[in-house]
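*Asks:* Right, I'll just put the structure down here and ask away after.
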Amino acid sequence: MAQQSLTFQGVKTVEQVNKITTALMMLDGVDSAEVGRHGADIDGRAKRETLINAIEKLKLGVKIS
């Protein structure tokens with residue numbers, strides 16, 4: 001199992017954190033995701049590009065690196 005980290009800018013509310021968590025956990029290949037206002041640690045085999053695309057589709061205005 002691989003672990004990946006994403007860093008966020010612009011996440012300000014618990015609602016945004018919850019939406020990001022749900023979006024990541026719904027992806028095939030994600031075993032777990034710990035999400036906070038400043039980033040996420042994801043365990044599983046999902047590709048980084050897939051993780052970023054799932055968050056961008058939420059249109060929260062979050063910058064991801």
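Residue names in the structure tokens use chain letters A, B, ... in the order shown, residue numbers from 1 in each chain, and ligand numbers from 1 in the order shown.
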Show which residues sit within 8 Å of Ala2 in chain A, as number ranges by chain. Count only C-alpha atoms, and ignore same-chain residues fewer than 4 positions away.

*Replies:* A: 43-45

*Asks:* Restricting the calculation to only C-alpha atoms, which member of A:Ala40, A:Ile20, A:Met26, A:Ala33 is positioned closest to Gly61 in chain A?

*Replies:*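 When distances to Gly61 in chain A are compared using only C-alpha atoms, the smallest one comes from A:Ile20.
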
*Asks:* So how far away is CA of Leu24 in chain A from CA of Leu60 in chain A, in Å?

*Replies:*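 Rounded to one decimal, the two atoms are 14.2 Å apart.
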
*Asks:* List as a list in words the protein and nucleic acid residues near Val17 in chain A, meaning an atom at most 7 Å away when only C-alpha atoms are counted, but skip any in the same chain fewer than 2 places from it.

*Replies:* Thr13, Val14, Glu15, Lys19, Ile20, Thr21, Val35, Gly36 and Arg37 of chain A

*Asks:* Given the selection you just returned, output its residues as a file containing N, CA and C atoms, formatted as a compact mmCIF listing (two decimals), in the first residue's frame.

*Replies:*
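Everything below was put into out39.txt:
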# COMPACT_ATOMS: atom_id res chain seq x y z
N THR A 13 -13.22 25.75 5.93
CA THR A 13 -14.32 25.28 6.76
C THR A 13 -14.29 23.76 6.93
N VAL A 14 -14.97 23.32 7.99
CA VAL A 14 -15.13 21.88 8.22
C VAL A 14 -15.93 21.25 7.09
N GLU A 15 -16.89 21.99 6.55
CA GLU A 15 -17.69 21.48 5.43
C GLU A 15 -16.80 21.15 4.23
N LYS A 19 -16.22 17.47 2.54
CA LYS A 19 -16.45 17.21 1.11
C LYS A 19 -15.22 16.58 0.46
N ILE A 20 -14.05 17.08 0.81
CA ILE A 20 -12.81 16.52 0.26
C ILE A 20 -12.61 15.08 0.74
N THR A 21 -12.86 14.85 2.02
CA THR A 21 -12.72 13.50 2.57
C THR A 21 -13.64 12.53 1.85
N VAL A 35 -7.81 13.94 6.23
CA VAL A 35 -7.87 15.25 5.61
C VAL A 35 -8.00 16.33 6.67
N GLY A 36 -7.26 17.41 6.49
CA GLY A 36 -7.35 18.58 7.35
C GLY A 36 -7.37 19.83 6.50
N ARG A 37 -7.34 20.98 7.14
CA ARG A 37 -7.40 22.24 6.39
C ARG A 37 -6.17 22.48 5.53

*Asks:* Residues at most 8 Å from Leu27 in chain A, counting only C-alpha atoms, excluding those fewer than 4 positions away in the same chain, as a list of chain:residue names?

*Replies:* A:Ala23, A:Ala46, A:Leu51

*Asks:* Write the residues of the preceding selection, restricted to C-alpha atoms, as a PDB file, in the first residue's frame.

*Replies:*
ATOM      1  CA  ALA A  23     -14.593  12.657  -2.552  1.00  0.00           C
ATOM      2  CA  ALA A  46      -4.948   5.562  -6.487  1.00  0.00           C
ATOM      3  CA  LEU A  51      -6.789  12.331  -6.257  1.00  0.00           C
TER       4      LEU A  51
END

*Asks:* What separation in Å, quoted to one decimal, exists between CA of Gln9 in chain A and CA of His38 in chain A?

*Replies:* 6.4 Å

*Asks:* According to DSSP computed on the backbone, where in chain A is there strand (DSSP E)? Give the residues as a ChimeraX atom specification.

*Replies:* /A:2-9,30-36,39-44,63-64

*Asks:* Would you mind listing what lies within 12 Å of Glu49 in chain A as a ChimeraX atom specification, with only C-alpha atoms counted and same-chain residues fewer than 5 positions away left out?

*Replies:* /A:4,6,24,27,54-56,64-65

*Asks:* Write out as a count of residues only all residues of chain A that DSSP puts in alpha helix (DSSP H) for this structure's backbone.

*Replies:* 21
